[in-house]
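Asker: Pasting protein_13.tsv below, which is TSV, C-alpha atoms and all ligand atoms.
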```tsv
chain	number	residue	atom	x	y	z
A	1	MET	CA	43.43	-39.17	12.71
A	2	THR	CA	40.73	-36.47	12.81
A	3	PRO	CA	37.40	-38.04	11.77
A	4	VAL	CA	35.69	-36.41	8.75
A	5	ARG	CA	32.42	-34.95	10.00
A	6	ALA	CA	29.21	-34.81	7.99
A	7	PRO	CA	28.18	-31.27	6.96
A	8	SER	CA	26.35	-29.56	9.79
A	9	ALA	CA	25.16	-26.52	7.82
A	10	VAL	CA	23.72	-26.14	4.35
A	11	ARG	CA	26.72	-24.13	3.16
A	12	GLU	CA	29.07	-27.01	3.96
A	13	PHE	CA	27.26	-29.14	1.39
A	14	GLU	CA	28.39	-26.81	-1.36
A	15	ALA	CA	32.05	-27.66	-0.77
A	16	ALA	CA	31.25	-31.37	-0.65
A	17	ALA	CA	29.25	-31.07	-3.88
A	18	ARG	CA	31.94	-29.06	-5.62
A	19	ALA	CA	34.51	-31.77	-4.85
A	20	ARG	CA	32.31	-34.35	-6.61
A	21	LEU	CA	31.00	-32.42	-9.60
A	22	LEU	CA	32.71	-31.78	-12.93
A	23	PRO	CA	33.82	-28.11	-12.83
A	24	ALA	CA	31.53	-27.12	-15.72
A	25	HIS	CA	28.55	-28.74	-13.99
A	26	TYR	CA	29.39	-27.10	-10.68
A	27	ASP	CA	29.53	-23.75	-12.51
A	28	TYR	CA	26.16	-24.39	-14.16
A	29	PHE	CA	24.54	-25.08	-10.78
A	30	ALA	CA	26.30	-22.35	-8.80
A	31	GLY	CA	26.43	-19.63	-11.38
A	32	GLY	CA	24.13	-16.88	-12.50
A	33	ALA	CA	23.66	-14.23	-15.13
A	34	GLY	CA	26.21	-11.58	-16.06
A	35	GLU	CA	28.33	-10.34	-13.17
A	36	GLU	CA	26.28	-12.48	-10.75
A	37	ILE	CA	25.34	-9.33	-8.83
A	38	THR	CA	21.85	-10.68	-8.16
A	39	VAL	CA	23.20	-14.10	-7.11
A	40	ARG	CA	25.25	-12.41	-4.39
A	41	ALA	CA	22.53	-9.91	-3.51
A	42	ASN	CA	20.02	-12.67	-2.71
A	43	GLU	CA	22.15	-14.03	0.11
A	44	ALA	CA	23.57	-10.68	1.25
A	45	ALA	CA	20.06	-9.27	1.73
A	46	PHE	CA	19.27	-11.87	4.39
A	47	ALA	CA	22.47	-10.96	6.24
A	48	ARG	CA	21.31	-7.33	6.30
A	49	LEU	CA	18.09	-8.26	8.08
A	50	ALA	CA	18.22	-8.65	11.86
A	51	LEU	CA	15.85	-10.65	14.03
A	52	LEU	CA	14.38	-9.09	17.17
A	53	PRO	CA	13.23	-11.81	19.60
A	54	ARG	CA	10.39	-11.64	22.10
A	55	VAL	CA	10.86	-13.24	25.53
A	56	LEU	CA	8.84	-15.21	28.08
A	57	ARG	CA	6.22	-16.25	25.56
A	58	GLY	CA	5.87	-19.87	26.73
A	59	THR	CA	5.83	-21.14	23.18
A	60	GLY	CA	5.81	-24.89	23.90
A	61	LYS	CA	5.11	-27.11	20.91
A	62	LEU	CA	6.08	-25.57	17.59
A	63	GLN	CA	4.07	-25.42	14.37
A	64	THR	CA	5.99	-25.43	11.09
A	65	GLY	CA	3.35	-26.85	8.72
A	66	VAL	CA	1.83	-24.77	5.93
A	67	THR	CA	-1.20	-25.29	3.70
A	68	LEU	CA	-0.79	-24.16	0.11
A	69	PRO	CA	-2.99	-24.37	-3.00
A	70	GLY	CA	-1.27	-27.59	-4.12
A	71	GLY	CA	-1.42	-29.30	-0.73
A	72	ARG	CA	0.08	-29.30	2.73
A	73	ALA	CA	3.75	-29.35	3.71
A	74	ALA	CA	5.14	-30.21	7.14
A	75	MET	CA	7.80	-27.56	6.77
A	76	PRO	CA	7.63	-24.14	5.08
A	77	VAL	CA	10.59	-24.92	2.82
A	78	LEU	CA	9.74	-26.36	-0.59
A	79	VAL	CA	12.11	-27.82	-3.17
A	80	ALA	CA	12.34	-25.22	-5.97
A	81	PRO	CA	12.34	-26.49	-9.55
A	82	THR	CA	15.89	-27.03	-10.77
A	83	ALA	CA	17.00	-28.65	-13.99
A	84	PHE	CA	19.25	-31.62	-14.70
A	85	HIS	CA	19.49	-33.49	-11.37
A	86	ARG	CA	21.20	-36.42	-13.07
A	87	LEU	CA	24.23	-34.17	-13.60
A	88	ALA	CA	24.47	-34.09	-9.81
A	89	HIS	CA	23.71	-37.73	-9.01
A	90	PRO	CA	22.90	-40.83	-11.08
A	91	GLU	CA	19.47	-41.18	-9.44
A	92	GLY	CA	18.71	-37.59	-10.26
A	93	GLU	CA	15.20	-36.33	-9.56
A	94	ARG	CA	14.14	-39.73	-8.16
A	95	ALA	CA	16.49	-39.25	-5.19
A	96	THR	CA	15.33	-35.66	-4.66
A	97	ALA	CA	11.69	-36.73	-4.72
A	98	ARG	CA	12.24	-39.45	-2.12
A	99	ALA	CA	13.96	-37.02	0.22
A	100	ALA	CA	11.26	-34.38	-0.24
A	101	ALA	CA	8.53	-36.95	0.41
A	102	ALA	CA	10.31	-38.16	3.57
A	103	ALA	CA	10.51	-34.55	4.77
A	104	GLU	CA	6.80	-34.20	3.94
A	105	THR	CA	7.43	-31.22	1.77
A	106	VAL	CA	6.62	-30.30	-1.81
A	107	MET	CA	9.02	-30.99	-4.66
A	108	VAL	CA	8.49	-28.82	-7.71
A	109	VAL	CA	9.59	-30.97	-10.66
A	110	SER	CA	11.34	-28.93	-13.33
A	111	MET	CA	10.14	-29.13	-16.89
A	112	ALA	CA	13.87	-29.60	-17.58
A	113	ALA	CA	14.12	-32.65	-15.31
A	114	THR	CA	16.37	-35.48	-16.47
A	115	VAL	CA	13.87	-38.05	-15.15
A	116	ALA	CA	10.34	-38.09	-16.56
A	117	VAL	CA	7.67	-36.71	-14.24
A	118	GLU	CA	5.89	-40.10	-14.24
A	119	ASP	CA	9.09	-41.78	-13.00
A	120	VAL	CA	9.70	-39.10	-10.39
A	121	ALA	CA	6.18	-39.70	-9.06
A	122	ALA	CA	6.66	-43.46	-9.06
A	123	ALA	CA	9.91	-43.09	-7.09
A	124	ALA	CA	8.18	-41.33	-4.21
A	125	PRO	CA	4.62	-42.54	-3.82
A	126	GLY	CA	2.78	-40.40	-1.30
A	127	GLY	CA	5.00	-37.40	-1.97
A	128	THR	CA	3.57	-34.07	-3.08
A	129	LEU	CA	4.77	-32.96	-6.51
A	130	TRP	CA	4.07	-29.75	-8.34
A	131	PHE	CA	5.11	-29.33	-11.96
A	132	GLN	CA	7.06	-26.35	-13.30
A	133	LEU	CA	6.25	-25.23	-16.79
A	134	TYR	CA	7.75	-22.85	-19.32
A	135	ILE	CA	4.72	-22.18	-21.50
A	136	GLN	CA	5.68	-23.33	-25.00
A	137	PRO	CA	4.50	-21.29	-28.00
A	138	ASP	CA	3.20	-24.58	-29.42
A	139	LEU	CA	0.11	-24.68	-27.24
A	140	ALA	CA	-0.85	-28.20	-28.24
A	141	PHE	CA	2.53	-29.38	-26.97
A	142	THR	CA	2.12	-27.31	-23.79
A	143	GLU	CA	-1.24	-29.00	-23.25
A	144	ALA	CA	0.31	-32.44	-23.76
A	145	ILE	CA	2.87	-31.68	-21.03
A	146	VAL	CA	0.15	-30.39	-18.71
A	147	ARG	CA	-1.81	-33.63	-19.22
A	148	ARG	CA	1.30	-35.66	-18.36
A	149	ALA	CA	1.81	-33.66	-15.15
A	150	GLU	CA	-1.83	-34.13	-14.20
A	151	ALA	CA	-1.76	-37.85	-14.93
A	152	ALA	CA	1.43	-38.24	-12.87
A	153	GLY	CA	-0.44	-36.79	-9.89
A	154	CYS	CA	1.08	-33.30	-9.71
A	155	THR	CA	-1.16	-31.06	-7.62
A	156	ALA	CA	-0.17	-27.62	-8.92
A	157	LEU	CA	1.38	-26.02	-11.99
A	158	VAL	CA	4.19	-23.55	-11.41
A	159	VAL	CA	4.51	-21.32	-14.45
A	160	THR	CA	7.89	-19.65	-14.68
A	161	VAL	CA	7.45	-16.18	-16.15
A	162	ASP	CA	10.90	-14.66	-15.71
A	163	SER	CA	12.36	-16.37	-18.77
A	164	PRO	CA	11.21	-14.82	-22.06
A	165	ALA	CA	14.82	-15.61	-23.07
A	166	ARG	CA	17.61	-17.71	-21.58
A	167	GLY	CA	19.81	-15.90	-19.08
A	168	ARG	CA	23.31	-15.01	-20.30
A	169	ARG	CA	25.55	-17.00	-18.04
A	170	ASP	CA	29.20	-16.19	-18.47
A	171	ARG	CA	30.40	-19.32	-16.71
A	172	ASP	CA	28.46	-21.59	-19.08
A	173	GLN	CA	29.70	-19.68	-22.11
A	174	HIS	CA	33.28	-19.84	-20.86
A	175	ASN	CA	32.96	-23.59	-20.21
A	176	GLY	CA	31.19	-24.25	-23.51
A	177	PHE	CA	28.39	-25.90	-21.54
A	178	ASP	CA	25.57	-25.98	-24.06
A	179	ASP	CA	24.47	-29.60	-24.17
A	180	LEU	CA	23.71	-32.51	-21.87
A	181	PRO	CA	25.94	-35.59	-21.85
A	182	ASP	CA	24.97	-38.54	-24.04
A	183	GLY	CA	22.13	-40.55	-22.54
A	184	MET	CA	20.67	-37.57	-20.70
A	185	CYS	CA	17.87	-35.31	-21.89
A	186	CYS	CA	14.90	-33.27	-20.71
A	187	GLU	CA	12.60	-36.28	-20.34
A	188	ASN	CA	9.45	-34.17	-20.04
A	189	LEU	CA	10.08	-32.84	-23.53
A	190	ARG	CA	9.69	-36.20	-25.25
A	191	ASP	CA	7.25	-36.05	-28.11
A	192	GLY	CA	6.90	-39.39	-29.84
A	193	ASP	CA	10.38	-40.56	-30.73
A	194	ARG	CA	12.05	-37.13	-30.49
A	195	VAL	CA	12.93	-34.78	-27.63
A	196	ARG	CA	11.88	-31.21	-28.26
A	197	PRO	CA	14.03	-28.25	-27.19
A	198	ILE	CA	12.67	-26.04	-24.42
A	199	VAL	CA	11.61	-22.77	-26.02
A	200	MET	CA	11.92	-19.66	-23.88
A	201	SER	CA	9.73	-17.36	-25.88
A	202	PRO	CA	9.40	-13.56	-25.68
A	203	GLU	CA	5.90	-13.99	-27.13
A	204	ILE	CA	4.42	-15.41	-23.93
A	205	SER	CA	1.95	-12.98	-22.32
A	206	TRP	CA	-0.93	-12.81	-19.84
A	207	ARG	CA	-3.14	-14.24	-22.59
A	208	HIS	CA	-1.20	-17.50	-22.23
A	209	VAL	CA	-1.84	-17.56	-18.49
A	210	ASP	CA	-5.56	-17.31	-19.24
A	211	LEU	CA	-5.28	-20.09	-21.81
A	212	LEU	CA	-3.44	-22.27	-19.33
A	213	ARG	CA	-6.03	-21.67	-16.65
A	214	ARG	CA	-8.71	-22.80	-19.08
A	215	MET	CA	-6.59	-25.85	-19.95
A	216	THR	CA	-6.42	-27.27	-16.42
A	217	GLU	CA	-8.20	-27.48	-13.11
A	218	LEU	CA	-4.86	-27.46	-11.28
A	219	PRO	CA	-3.98	-24.35	-9.28
A	220	VAL	CA	-1.62	-22.13	-11.26
A	221	VAL	CA	1.28	-20.57	-9.36
A	222	LEU	CA	3.17	-17.75	-11.09
A	223	LYS	CA	6.94	-17.99	-10.44
A	224	GLY	CA	9.28	-15.13	-11.15
A	225	VAL	CA	7.16	-12.16	-10.13
A	226	THR	CA	9.24	-9.21	-8.90
A	227	HIS	CA	7.14	-6.11	-9.64
A	228	PRO	CA	4.13	-5.32	-7.43
A	229	ASP	CA	2.10	-4.28	-10.50
A	230	ASP	CA	2.63	-7.76	-11.95
A	231	ALA	CA	1.49	-9.26	-8.65
A	232	ARG	CA	-1.76	-7.29	-8.99
A	233	LEU	CA	-2.14	-8.41	-12.61
A	234	ALA	CA	-1.55	-12.00	-11.51
A	235	LEU	CA	-4.56	-11.70	-9.19
A	236	ASP	CA	-6.66	-10.32	-12.05
A	237	HIS	CA	-5.69	-13.41	-14.06
A	238	GLY	CA	-6.81	-15.77	-11.31
A	239	VAL	CA	-3.54	-17.31	-10.15
A	240	ALA	CA	-3.59	-19.41	-6.98
A	241	ALA	CA	-0.27	-18.11	-5.64
A	242	VAL	CA	2.43	-15.59	-6.52
A	243	TRP	CA	6.07	-16.72	-6.27
A	244	VAL	CA	8.60	-13.91	-5.80
A	245	SER	CA	11.81	-14.97	-7.48
A	246	ASN	CA	14.63	-13.61	-9.62
A	247	HIS	CA	15.46	-17.20	-10.64
A	248	GLY	CA	18.35	-17.33	-8.20
A	249	GLY	CA	20.04	-14.51	-10.12
A	250	ARG	CA	20.23	-16.60	-13.30
A	251	GLN	CA	18.07	-14.53	-15.63
A	252	LEU	CA	18.34	-10.72	-15.56
A	253	ASP	CA	21.40	-9.64	-13.61
A	254	THR	CA	21.07	-6.67	-11.23
A	255	VAL	CA	17.44	-7.41	-10.34
A	256	PRO	CA	17.21	-6.63	-6.60
A	257	ALA	CA	17.50	-9.35	-3.99
A	258	ALA	CA	14.33	-11.41	-3.80
A	259	VAL	CA	13.69	-10.78	-0.11
A	260	ASP	CA	14.00	-7.01	-0.66
A	261	LEU	CA	11.19	-7.23	-3.23
A	262	LEU	CA	8.93	-9.27	-0.97
A	263	PRO	CA	7.22	-6.58	1.18
A	264	GLU	CA	5.92	-4.60	-1.82
A	265	VAL	CA	4.58	-7.74	-3.49
A	266	VAL	CA	2.96	-8.88	-0.24
A	267	ALA	CA	1.30	-5.47	0.07
A	268	ALA	CA	0.08	-5.64	-3.54
A	269	VAL	CA	-1.38	-9.12	-3.05
A	270	GLY	CA	-3.06	-8.02	0.18
A	271	GLY	CA	-3.62	-11.56	1.44
A	272	ALA	CA	-5.70	-12.60	-1.60
A	273	VAL	CA	-3.43	-15.58	-2.34
A	274	PRO	CA	-0.28	-17.03	-0.77
A	275	VAL	CA	3.04	-15.42	-1.66
A	276	LEU	CA	6.05	-17.74	-1.99
A	277	LEU	CA	9.68	-16.67	-2.17
A	278	ASP	CA	13.01	-18.13	-3.23
A	279	GLY	CA	16.55	-16.88	-3.68
A	280	GLY	CA	19.41	-17.03	-1.21
A	281	ILE	CA	17.75	-19.06	1.54
A	282	ARG	CA	20.57	-20.93	3.29
A	283	ARG	CA	19.53	-20.95	6.97
A	284	GLY	CA	16.44	-21.41	9.12
A	285	THR	CA	16.85	-17.76	10.15
A	286	ASP	CA	16.46	-16.80	6.46
A	287	VAL	CA	13.22	-18.79	6.34
A	288	VAL	CA	11.72	-17.05	9.36
A	289	LYS	CA	12.81	-13.61	8.08
A	290	ALA	CA	11.03	-14.21	4.77
A	291	MET	CA	7.92	-15.48	6.52
A	292	ALA	CA	7.96	-12.56	8.96
A	293	LEU	CA	7.93	-10.28	5.90
A	294	GLY	CA	4.86	-12.02	4.56
A	295	ALA	CA	5.94	-15.13	2.64
A	296	SER	CA	3.60	-18.09	3.16
A	297	ALA	CA	6.47	-20.46	2.42
A	298	VAL	CA	9.90	-20.38	0.79
A	299	ALA	CA	11.81	-22.64	-1.59
A	300	VAL	CA	15.43	-23.65	-2.00
A	301	GLY	CA	17.20	-24.36	-5.28
A	302	ARG	CA	20.98	-24.73	-4.98
A	303	PRO	CA	20.99	-26.16	-1.42
A	304	VAL	CA	19.07	-29.20	-2.71
A	305	ILE	CA	21.52	-29.62	-5.60
A	306	TRP	CA	24.45	-29.48	-3.16
A	307	GLY	CA	22.86	-32.15	-0.97
A	308	LEU	CA	22.10	-34.31	-4.00
A	309	ALA	CA	25.61	-34.04	-5.43
A	310	ALA	CA	27.20	-34.63	-2.04
A	311	ASP	CA	25.24	-37.71	-1.00
A	312	GLY	CA	22.20	-38.41	-3.17
A	313	GLU	CA	18.87	-38.90	-1.40
A	314	ARG	CA	20.61	-38.83	2.01
A	315	GLY	CA	22.23	-35.52	1.20
A	316	VAL	CA	18.95	-33.90	0.18
A	317	ALA	CA	17.26	-35.34	3.26
A	318	ARG	CA	20.01	-33.89	5.44
A	319	VAL	CA	19.73	-30.45	3.81
A	320	LEU	CA	15.96	-30.38	4.31
A	321	GLY	CA	16.32	-31.78	7.85
A	322	LEU	CA	18.88	-29.12	8.76
A	323	LEU	CA	16.63	-26.36	7.48
A	324	HIS	CA	13.66	-27.77	9.37
A	325	ASP	CA	15.65	-28.01	12.62
A	326	GLU	CA	17.00	-24.52	12.14
A	327	VAL	CA	13.50	-23.11	11.58
A	328	GLU	CA	12.31	-24.73	14.82
A	329	HIS	CA	15.34	-23.44	16.69
A	330	ALA	CA	14.88	-19.91	15.33
A	331	LEU	CA	11.18	-19.96	16.27
A	332	THR	CA	12.04	-21.04	19.82
A	333	LEU	CA	14.64	-18.32	20.27
A	334	LEU	CA	12.33	-15.72	18.69
A	335	GLY	CA	9.57	-16.62	21.15
A	336	VAL	CA	7.16	-17.58	18.37
A	337	ALA	CA	5.19	-20.84	18.51
A	338	SER	CA	4.04	-21.06	14.90
A	339	VAL	CA	5.31	-19.98	11.52
A	340	HIS	CA	1.87	-18.39	11.12
A	341	ASP	CA	2.66	-16.00	13.97
A	342	LEU	CA	5.74	-14.51	12.32
A	343	ARG	CA	5.24	-10.75	11.83
A	344	PRO	CA	7.26	-7.87	10.26
A	345	GLY	CA	7.96	-6.44	13.73
A	346	LEU	CA	10.33	-9.33	14.40
A	347	VAL	CA	12.66	-8.17	11.61
A	348	ARG	CA	14.76	-4.98	11.40
A	349	PRO	CA	17.22	-3.73	8.78
A	350	CYS	CA	20.77	-3.71	10.16
B	401	LIG	C1	20.84	-25.19	-11.40
B	401	LIG	C2	19.52	-24.48	-11.38
B	401	LIG	C3	18.54	-24.85	-12.28
B	401	LIG	C4	17.30	-24.22	-12.27
B	401	LIG	N1	16.33	-24.66	-13.07
B	401	LIG	C5	15.11	-24.08	-13.03
B	401	LIG	C6	14.06	-24.58	-13.82
B	401	LIG	O1	14.22	-25.55	-14.54
B	401	LIG	N2	12.87	-23.95	-13.74
B	401	LIG	C7	12.67	-22.86	-12.92
B	401	LIG	O2	11.57	-22.32	-12.89
B	401	LIG	N3	13.64	-22.39	-12.15
B	401	LIG	C8	14.85	-22.98	-12.18
B	401	LIG	N4	15.84	-22.53	-11.36
B	401	LIG	C9	15.56	-21.44	-10.41
B	401	LIG	C10	15.09	-22.02	-9.07
B	401	LIG	O3	13.80	-22.54	-9.18
B	401	LIG	C11	15.06	-20.96	-7.96
B	401	LIG	O4	14.33	-19.86	-8.41
B	401	LIG	C12	16.45	-20.51	-7.49
B	401	LIG	O5	17.36	-21.58	-7.53
B	401	LIG	C13	16.36	-19.99	-6.07
B	401	LIG	O6	17.58	-19.54	-5.63
B	401	LIG	P1	18.59	-20.39	-4.70
B	401	LIG	O7	19.28	-21.32	-5.62
B	401	LIG	O8	19.46	-19.34	-4.13
B	401	LIG	O9	17.76	-21.12	-3.66
B	401	LIG	C14	17.08	-23.15	-11.36
B	401	LIG	C15	18.08	-22.77	-10.47
B	401	LIG	C16	19.28	-23.43	-10.46
B	401	LIG	C17	20.32	-23.02	-9.46
B	402	LIG	C1	22.66	-24.05	-19.94
B	402	LIG	C2	22.83	-25.51	-20.04
B	402	LIG	C3	22.49	-26.06	-21.36
B	402	LIG	C4	22.36	-27.53	-21.36
B	402	LIG	C5	21.76	-28.00	-22.60
B	402	LIG	C6	20.30	-28.32	-22.58
B	402	LIG	C7	19.49	-27.27	-23.28
B	402	LIG	C8	18.09	-27.17	-22.75
B	402	LIG	C9	17.83	-25.82	-22.17
B	402	LIG	C10	16.84	-25.94	-21.09
B	402	LIG	C11	16.99	-24.84	-20.13
B	402	LIG	C12	16.55	-25.28	-18.80
B	402	LIG	C13	16.51	-24.11	-17.91
B	402	LIG	C14	16.85	-24.42	-16.54
B	402	LIG	C15	16.87	-23.18	-15.76
B	402	LIG	O1	15.85	-22.56	-15.56
B	402	LIG	C16	18.11	-22.68	-15.23
B	402	LIG	O2	19.18	-23.19	-15.56
B	402	LIG	O3	18.06	-21.70	-14.45
```
Have the structure of the file written as structure tokens, please.
Answerer:
Amino acid sequence: MTPVRAPSAVREFEAAARARLLPAHYDYFAGGAGEEITVRANEAAFARLALLPRVLRGTGKLQTGVTLPGGRAAMPVLVAPTAFHRLAHPEGERATARAAAAAETVMVVSMAATVAVEDVAAAAPGGTLWFQLYIQPDLAFTEAIVRRAEAAGCTALVVTVDSPARGRRDRDQHNGFDDLPDGMCCENLRDGDRVRPIVMSPEISWRHVDLLRRMTELPVVLKGVTHPDDARLALDHGVAAVWVSNHGGRQLDTVPAAVDLLPEVVAAVGGAVPVLLDGGIRRGTDVVKAMALGASAVAVGRPVIWGLAADGERGVARVLGLLHDEVEHALTLLGVASVHDLRPGLVRPC
């Protein structure tokens, strides 16, 4: 009998995850807005970028660690905030946090997590957690959530700004997926003995970013920036990092691929703060391409979900381990010793 081999590439985890998930839950995780043009574009854009190696550089020991406003990570791949991990695995965000801590990378805990941020932190002592926030129009409630994130030990706030409304996701509408199963809720939205809904409000503006900055000492990272003018405004409003993202193609369909937007945002930021990027990263080569184009670090959303659904904490650990190994391998073959030495000249359109 042919032995069943463990997935040896991130993409293989998706098939393993799909086999375990309810179809409607798989669709929620995999899908995107509208025609899913942006979902596909994110990955396709990396395939259109070629790497141009240097030779005989004697690189020796490799350096993959990065220092970011919310702390240090041993690898330049962070865990992007994604909702509802308990749909993927009974341990949910606890399992993800343990794997991220073991990989010595940052986990960004979603405001829509199905495990409370305090319990995520307790599951992975020593891990680095950031907290993702949709600013709620009820500012007193927003402040209460911020205080919980601070008290749980989160070291940065990631404010998602690409969601003044929920994305229109055809797969979810088709599947009638509009509620969580009994016994599951957005635990960070508890308010006394009720759970509030997450409000995605078109009223949120730069004024709210200023209010938030006054509310907390934590560094504020703005996630979902795509326009270079907004990157410049973000600097004016004192953010600690800019995160280029189209929400994995789940909000406005037909936004360009995230990596195609990166160079203009990097130019606009001009080195003032780190620039992060997510969307379509599936290989170590994708990571080095994004960093060569100016990202200080990247994040992965769906790959972590696939690892979690496939094999819980072990699956997430394997996904992060594969990406780390692939980054090191790509650096070696590129003739680059450190992720900090990646430069645009190593990447060409093809
Ligand atoms: C299932 C799922 C849930 C998500 N939930 C959130 C969320 O709660 N908050 C947020 O800011 N972004 C959320 N995102 C967007 C991710 O943070 C990230 O931008 C995106 O997944 C990156 O693309 P990738 O999946 O191709 O790596 C979610 C993405 C997915 C796939
Ligand atoms: C679309 C699924 C609905 C499940 C019911 C729960 C309703 C809460 C809505 C919270 C939205 C969380 C957003 C997560 C996210 O950013 C994303 O899916 O992308």
Asker: Do a neighbour search on region 189-200 of chain A at 9 Å with all atoms listed in the file, toss out local chain neighbours closer than 3 positions, and write the hits as number ranges by chain.
Answerer: A: 111-112, 116, 134-137, 141, 144-145, 163-166, 185-186, 203-204
Asker: Can you tell me which residues come within 6 Å of ligand LIG 402 (chain B) when counting all atoms listed in the file, ideally as an MDAnalysis selection string?
Answerer: chainID A and resid 83 112 177:180 198 250
Asker: List every residue of region 55-113 of chain A that has an atom at most 12 Å from any atom of region 209-224 of chain A, and for each one report the closest atom pair and its distance in Å to one decimal, counting all atoms listed in the file, with rows sorted by chain and then by increasing residue number, as a Markdown table.
Answerer:
```
| residue | atom | partner | partner_atom | distance |
| --- | --- | --- | --- | --- |
| A:Leu68 | CA | A:Pro219 | CA | 9.9 |
| A:Pro69 | CA | A:Pro219 | CA | 6.4 |
| A:Gly70 | CA | A:Pro219 | CA | 6.7 |
| A:Gly71 | CA | A:Pro219 | CA | 10.2 |
| A:Ala80 | CA | A:Lys223 | CA | 10.1 |
| A:Pro81 | CA | A:Lys223 | CA | 10.1 |
| A:Val108 | CA | A:Val221 | CA | 11.1 |
```
Asker: Within 8 Å of ligand LIG 401 (chain B), counting all atoms listed in the file: which residues, as number ranges by chain?
Answerer: A: 28-32, 39, 42-43, 80-84, 110-113, 132-134, 158-160, 223-224, 245-250, 278-282, 299-303, 305
Asker: With distances taken over all atoms listed in the file, which of A:Ala268, A:Leu87, A:Ala309, A:Val288 is nearest to Pro53 (chain A)?
Answerer: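 That would be A:Val288, the residue with the smallest distance to Pro53 (chain A).
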Asker: Counting only C-alpha atoms, which residue out of A:Leu322, A:Met184, A:Leu51, A:Leu139 sits closest to Leu342 (chain A)?
Answerer: A:Leu51
Asker: Name the residues within 6 Å of (19.9, -1.8, 5.4), counting all atoms listed in the file in the file's coordinates, and put them as a PyMOL selection string.
Answerer: chain A and resi 48+349-350
Asker: Point out the residue among A:Gly176, A:Ala47, A:Thr285, A:Gly270 with the least atom-to-atom distance to Thr332 (chain A), counting only C-alpha atoms.
Answerer: A:Thr285
Asker: What does the distance from CA of Glu36 (chain A) to CA of Asp172 (chain A) come to in Å, to one decimal?
Answerer: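 A separation of 12.5 Å between them.
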Asker: Counting all atoms listed in the file, note down every residue that has an atom within 12 Å of the point (30.8, -36.8, 8.1) (file coordinates), as a VMD selection string.
Answerer: chain A and resid 2 to 9 12 to 13 16 310 to 311 315 318
Asker: Tell me, as a PyMOL selection string, which residues lie within 8 Å of Tyr26 (chain A), counting all atoms listed in the file; anything in the same chain fewer than 5 positions away does not count.
Answerer: chain A and resi 17-18+21
Asker: Store the residues picked out above in a file with C-alpha atoms, as a compact mmCIF listing (two decimals), keeping the file's coordinate frame.
Answerer:
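In the end it all went to selection26.txt:
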```
# COMPACT_ATOMS: atom_id res chain seq x y z
CA ALA A 17 29.25 -31.07 -3.88
CA ARG A 18 31.94 -29.06 -5.62
CA LEU A 21 31.00 -32.42 -9.60
```
Asker: Between CA of Glu104 (chain A) and CA of Ala74 (chain A), what is the spacing in Å?
Answerer: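 Between CA of Ala74 (chain A) and CA of Glu104 (chain A) the gap is 5.4 Å.
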Asker: Between A:Ala317, A:Ala33, A:Ala102, A:Val259, which one has atoms that come closest to Arg168 (chain A), using all atoms listed in the file?
Answerer: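 Under the stated criterion, the closest residue is A:Ala33.
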